[in-house]
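Q: File name work18.csv; file contents CSV, C-alpha atoms; full text below.
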chain,number,residue,atom,x,y,z
F,1,MET,CA,13.4,-181.9,-161.5
F,2,SER,CA,15.7,-181.5,-158.6
F,3,GLY,CA,16.0,-182.9,-155.1
F,4,PHE,CA,14.9,-186.3,-153.9
F,5,LEU,CA,11.9,-186.6,-156.2
F,6,GLY,CA,14.2,-186.2,-159.2
F,7,GLN,CA,16.5,-188.9,-157.8
F,8,ILE,CA,13.7,-191.5,-157.2
F,9,ALA,CA,11.5,-190.6,-160.1
F,10,GLY,CA,14.2,-190.7,-162.8
F,11,SER,CA,12.3,-190.7,-166.0
F,12,THR,CA,9.1,-192.0,-164.4
F,13,ALA,CA,6.7,-189.1,-164.6
F,14,THR,CA,4.0,-191.2,-162.9
F,15,LEU,CA,5.8,-191.0,-159.6
F,16,MET,CA,5.7,-187.2,-159.7
F,17,THR,CA,1.9,-187.4,-160.3
F,18,ALA,CA,1.6,-189.6,-157.2
F,19,LEU,CA,2.7,-187.0,-154.7
F,20,PRO,CA,-0.2,-184.5,-155.2
F,21,ALA,CA,-2.7,-187.3,-155.0
F,22,LEU,CA,-1.1,-188.7,-151.8
F,23,LEU,CA,-1.0,-185.2,-150.2
F,24,SER,CA,-4.6,-184.7,-151.0
F,25,GLU,CA,-5.4,-188.0,-149.2
F,26,PHE,CA,-3.5,-186.9,-146.1
F,27,LEU,CA,-4.5,-183.3,-146.1
F,28,GLY,CA,-8.1,-183.9,-147.1
F,29,ALA,CA,-8.3,-186.4,-144.2
F,30,ALA,CA,-7.0,-183.8,-141.9
F,31,GLU,CA,-10.0,-181.7,-142.8
F,32,GLY,CA,-12.5,-184.5,-142.0
F,33,ALA,CA,-12.5,-186.8,-145.0
F,34,THR,CA,-11.9,-190.6,-144.6
F,35,GLY,CA,-8.7,-191.7,-143.1
F,36,GLY,CA,-8.2,-189.6,-140.0
F,37,GLY,CA,-5.6,-187.2,-141.3
F,38,LEU,CA,-2.2,-186.3,-140.0
F,39,PRO,CA,-3.1,-186.4,-136.2
F,40,VAL,CA,-4.3,-190.1,-136.6
F,41,LEU,CA,-1.2,-190.9,-138.6
F,42,ILE,CA,1.0,-189.3,-135.9
F,43,ALA,CA,-0.7,-191.4,-133.3
F,44,GLN,CA,-0.2,-194.6,-135.3
F,45,PHE,CA,3.6,-193.8,-135.5
F,46,GLU,CA,3.6,-193.2,-131.7
F,47,ASN,CA,1.7,-196.4,-131.0
F,48,ALA,CA,4.1,-198.4,-133.2
F,49,GLY,CA,7.1,-197.3,-131.0
F,50,LEU,CA,8.2,-194.6,-133.4
F,51,GLY,CA,7.3,-191.7,-131.1
F,52,ASP,CA,10.8,-190.2,-130.9
F,53,LYS,CA,11.0,-190.0,-134.7
F,54,VAL,CA,7.5,-188.5,-135.1
F,55,ARG,CA,8.2,-186.0,-132.3
F,56,SER,CA,11.3,-184.8,-134.1
F,57,TRP,CA,9.1,-183.9,-137.1
F,58,LEU,CA,6.9,-181.7,-134.9
F,59,GLY,CA,9.7,-179.6,-133.5
F,60,PRO,CA,12.2,-177.2,-135.0
F,61,ASP,CA,15.1,-179.6,-134.8
F,62,HIS,CA,16.4,-182.1,-137.3
F,63,ASN,CA,13.7,-184.6,-138.7
F,64,GLU,CA,14.6,-188.1,-137.9
F,65,PRO,CA,14.3,-190.3,-141.0
F,66,ILE,CA,12.0,-193.3,-141.4
F,67,THR,CA,12.4,-196.3,-143.6
F,68,PRO,CA,10.0,-197.7,-146.2
F,69,ASP,CA,9.6,-200.7,-143.9
F,70,GLU,CA,8.5,-198.5,-141.0
F,71,VAL,CA,6.0,-196.8,-143.3
F,72,ALA,CA,4.7,-200.3,-144.3
F,73,SER,CA,4.3,-201.2,-140.7
F,74,ILE,CA,2.1,-198.1,-140.0
F,75,ILE,CA,-0.1,-197.7,-143.1
F,76,PRO,CA,-2.2,-200.8,-144.0
F,77,LEU,CA,-1.1,-202.8,-147.0
F,78,GLU,CA,-4.6,-202.5,-148.6
F,79,ARG,CA,-4.4,-198.7,-148.5
F,80,ARG,CA,-0.9,-198.6,-149.8
F,81,GLU,CA,-1.7,-201.0,-152.6
F,82,SER,CA,-4.7,-198.9,-153.5
F,83,TRP,CA,-2.6,-195.7,-153.6
F,84,ALA,CA,0.1,-197.5,-155.7
F,85,LYS,CA,-2.5,-198.7,-158.2
F,86,GLU,CA,-4.2,-195.3,-158.4
F,87,THR,CA,-1.0,-193.5,-159.0
F,88,GLY,CA,0.7,-196.0,-161.3
F,89,VAL,CA,3.7,-196.7,-159.1
F,90,THR,CA,5.0,-199.9,-157.5
F,91,LEU,CA,4.4,-200.6,-153.8
F,92,ALA,CA,8.2,-200.3,-153.2
F,93,GLN,CA,8.2,-196.8,-154.9
F,94,LEU,CA,5.2,-195.7,-152.9
F,95,ASP,CA,6.8,-196.8,-149.6
F,96,GLN,CA,10.1,-195.0,-150.5
F,97,LEU,CA,8.2,-191.9,-151.5
F,98,LEU,CA,6.1,-191.9,-148.3
F,99,ALA,CA,9.2,-192.5,-146.1
F,100,HIS,CA,10.8,-189.4,-147.6
F,101,VAL,CA,7.7,-187.2,-147.7
F,102,LEU,CA,5.9,-187.9,-144.4
F,103,PRO,CA,8.6,-186.4,-142.1
F,104,GLU,CA,8.7,-183.3,-144.3
F,105,LEU,CA,4.9,-183.1,-144.6
F,106,ILE,CA,4.4,-183.4,-140.8
F,107,ASP,CA,7.2,-180.9,-140.1
F,108,HIS,CA,5.6,-178.5,-142.6
F,109,ALA,CA,2.2,-179.0,-141.0
F,110,SER,CA,3.5,-178.2,-137.5
F,111,PRO,CA,5.4,-174.9,-137.6
F,112,GLU,CA,4.7,-174.3,-133.9
F,113,GLY,CA,4.8,-177.9,-132.8
F,114,LYS,CA,1.1,-178.5,-133.4
F,115,VAL,CA,-0.4,-179.9,-136.5
F,116,THR,CA,-2.2,-177.5,-138.8
F,117,THR,CA,-3.6,-178.1,-142.3
F,118,PRO,CA,-0.8,-177.1,-144.6
F,119,ASN,CA,-1.3,-175.7,-148.1
F,120,ALA,CA,-0.4,-178.6,-150.5
F,121,ALA,CA,0.9,-176.3,-153.2
F,122,THR,CA,3.2,-174.5,-150.9
F,123,PHE,CA,4.5,-177.8,-149.5
F,124,LEU,CA,5.1,-179.3,-153.0
F,125,GLU,CA,7.0,-176.2,-154.0
F,126,LYS,CA,9.2,-176.3,-150.9
F,127,PHE,CA,9.6,-180.1,-151.0
F,128,ASN,CA,10.6,-180.3,-154.7
F,129,ASN,CA,13.4,-177.8,-154.1
F,130,THR,CA,15.0,-179.9,-151.3
Would you kindly transcribe this structure into structure tokens?
A:
Amino acid sequence: MSGFLGQIAGSTATLMTALPALLSEFLGAAEGATGGGLPVLIAQFENAGLGDKVRSWLGPDHNEPITPDEVASIIPLERRESWAKETGVTLAQLDQLLAHVLPELIDHASPEGKVTTPNAATFLEKFNNT
């Protein structure tokens, strides 16, 4: 395993299994399932004063990073706790994973600056090689 996922997962295989499940949640929601999807998530970041960061993810320029604390301020604790429990990771690991994945996911989902529904398999392949 290479890239960031290898660094944070170490020998914990459960963290690797968390990413596809989380992507399904975000991408499925983008197609009408519960949760509102990426457009709602982007709006939540903007409403929390993180608009400059999220806009950097939509354009072709460098993606501004976010912190696990910023993720925690946007996604409700109950939802994050549920995801952590379902995927077998700690809340801290989940927040760290989301802080790294969300900028890349939104960047991948907005090749022309507008959010589309990306292919999760293509994203995972690209992301795991970073």
Q: Work out how far atom CA of F:Ile74 is from atom CA of F:Gly59, in Å to one decimal.
A: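 Atom CA of F:Ile74 lies at a distance of 21.0 Å from atom CA of F:Gly59.
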Q: Taking all atoms listed in the file into account, which of F:Leu50, F:Ala43, F:Leu58, F:Leu94 comes nearest F:Arg79?
A: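 Looking at the shortest contact to F:Arg79, the residue is F:Leu94.
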Q: Could you state the separation of atom CA of F:Leu91 and atom CA of F:Ser73 in Å, given to one decimal place?
A: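 Between atom CA of F:Leu91 and atom CA of F:Ser73 the gap is 13.1 Å.
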Q: Determine the nearest neighbour of F:Glu81 from the options F:Pro39, F:His100, F:Asp95, F:Glu112, counting all atoms listed in the file.
A: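 Once distances to F:Glu81 are computed over all atoms listed in the file, the minimum belongs to F:Asp95.
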Q: Can you measure atom CA of F:Pro103 to atom CA of F:Asn63 for me? One decimal in Å is fine.
A: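 Taking atom CA of F:Pro103 as the start and atom CA of F:Asn63 as the end point, the length is 6.4 Å.
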Q: Check the smallest atom-to-atom distance from each of F:Ile42, F:Glu104, F:Pro111, F:Glu70 to F:Arg55 using only C-alpha atoms, then report the winner.
A: F:Ile42
Q: Find the residue from F:Ala48, F:Leu38, F:Val54, F:Ile66 that sits nearest to F:Leu98; use all atoms listed in the file when measuring.
A: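 Once distances to F:Leu98 are computed over all atoms listed in the file, the minimum belongs to F:Ile66.
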Q: Got a minute to add N, CA and C atoms to stretch 79-94 of chain F and dump it as a PDB file, in the frame of the given file?
A:
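Listed below is the output, out.pdb:
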ATOM      1  N   ARG F  79      -4.407-200.126-148.133  1.00  0.00           N
ATOM      2  CA  ARG F  79      -4.400-198.700-148.500  1.00  0.00           C
ATOM      3  C   ARG F  79      -3.226-198.363-149.369  1.00  0.00           C
ATOM      4  N   ARG F  80      -2.054-198.871-149.022  1.00  0.00           N
ATOM      5  CA  ARG F  80      -0.900-198.600-149.800  1.00  0.00           C
ATOM      6  C   ARG F  80      -0.984-199.199-151.211  1.00  0.00           C
ATOM      7  N   GLU F  81      -1.530-200.418-151.301  1.00  0.00           N
ATOM      8  CA  GLU F  81      -1.700-201.000-152.600  1.00  0.00           C
ATOM      9  C   GLU F  81      -2.706-200.224-153.461  1.00  0.00           C
ATOM     10  N   SER F  82      -3.749-199.736-152.834  1.00  0.00           N
ATOM     11  CA  SER F  82      -4.700-198.900-153.500  1.00  0.00           C
ATOM     12  C   SER F  82      -4.068-197.631-154.063  1.00  0.00           C
ATOM     13  N   TRP F  83      -3.297-196.957-153.231  1.00  0.00           N
ATOM     14  CA  TRP F  83      -2.600-195.700-153.600  1.00  0.00           C
ATOM     15  C   TRP F  83      -1.630-196.017-154.777  1.00  0.00           C
ATOM     16  N   ALA F  84      -0.898-197.115-154.651  1.00  0.00           N
ATOM     17  CA  ALA F  84       0.100-197.500-155.700  1.00  0.00           C
ATOM     18  C   ALA F  84      -0.640-197.705-157.019  1.00  0.00           C
ATOM     19  N   LYS F  85      -1.737-198.422-156.970  1.00  0.00           N
ATOM     20  CA  LYS F  85      -2.500-198.700-158.200  1.00  0.00           C
ATOM     21  C   LYS F  85      -3.056-197.419-158.793  1.00  0.00           C
ATOM     22  N   GLU F  86      -3.648-196.570-157.951  1.00  0.00           N
ATOM     23  CA  GLU F  86      -4.200-195.300-158.400  1.00  0.00           C
ATOM     24  C   GLU F  86      -3.208-194.380-159.048  1.00  0.00           C
ATOM     25  N   THR F  87      -2.009-194.412-158.518  1.00  0.00           N
ATOM     26  CA  THR F  87      -1.000-193.500-159.000  1.00  0.00           C
ATOM     27  C   THR F  87      -0.029-194.074-159.986  1.00  0.00           C
ATOM     28  N   GLY F  88      -0.135-195.369-160.238  1.00  0.00           N
ATOM     29  CA  GLY F  88       0.700-196.000-161.300  1.00  0.00           C
ATOM     30  C   GLY F  88       2.134-196.235-160.851  1.00  0.00           C
ATOM     31  N   VAL F  89       2.379-196.411-159.563  1.00  0.00           N
ATOM     32  CA  VAL F  89       3.700-196.700-159.100  1.00  0.00           C
ATOM     33  C   VAL F  89       3.729-198.073-158.417  1.00  0.00           C
ATOM     34  N   THR F  90       4.910-198.628-158.222  1.00  0.00           N
ATOM     35  CA  THR F  90       5.000-199.900-157.500  1.00  0.00           C
ATOM     36  C   THR F  90       4.845-199.645-156.014  1.00  0.00           C
ATOM     37  N   LEU F  91       4.535-200.685-155.288  1.00  0.00           N
ATOM     38  CA  LEU F  91       4.400-200.600-153.800  1.00  0.00           C
ATOM     39  C   LEU F  91       5.750-200.129-153.230  1.00  0.00           C
ATOM     40  N   ALA F  92       6.845-200.643-153.734  1.00  0.00           N
ATOM     41  CA  ALA F  92       8.200-200.300-153.200  1.00  0.00           C
ATOM     42  C   ALA F  92       8.433-198.760-153.466  1.00  0.00           C
ATOM     43  N   GLN F  93       8.070-198.267-154.651  1.00  0.00           N
ATOM     44  CA  GLN F  93       8.200-196.800-154.900  1.00  0.00           C
ATOM     45  C   GLN F  93       7.381-195.992-154.008  1.00  0.00           C
ATOM     46  N   LEU F  94       6.153-196.431-153.800  1.00  0.00           N
ATOM     47  CA  LEU F  94       5.200-195.700-152.900  1.00  0.00           C
ATOM     48  C   LEU F  94       5.814-195.639-151.504  1.00  0.00           C
TER      49      LEU F  94
END
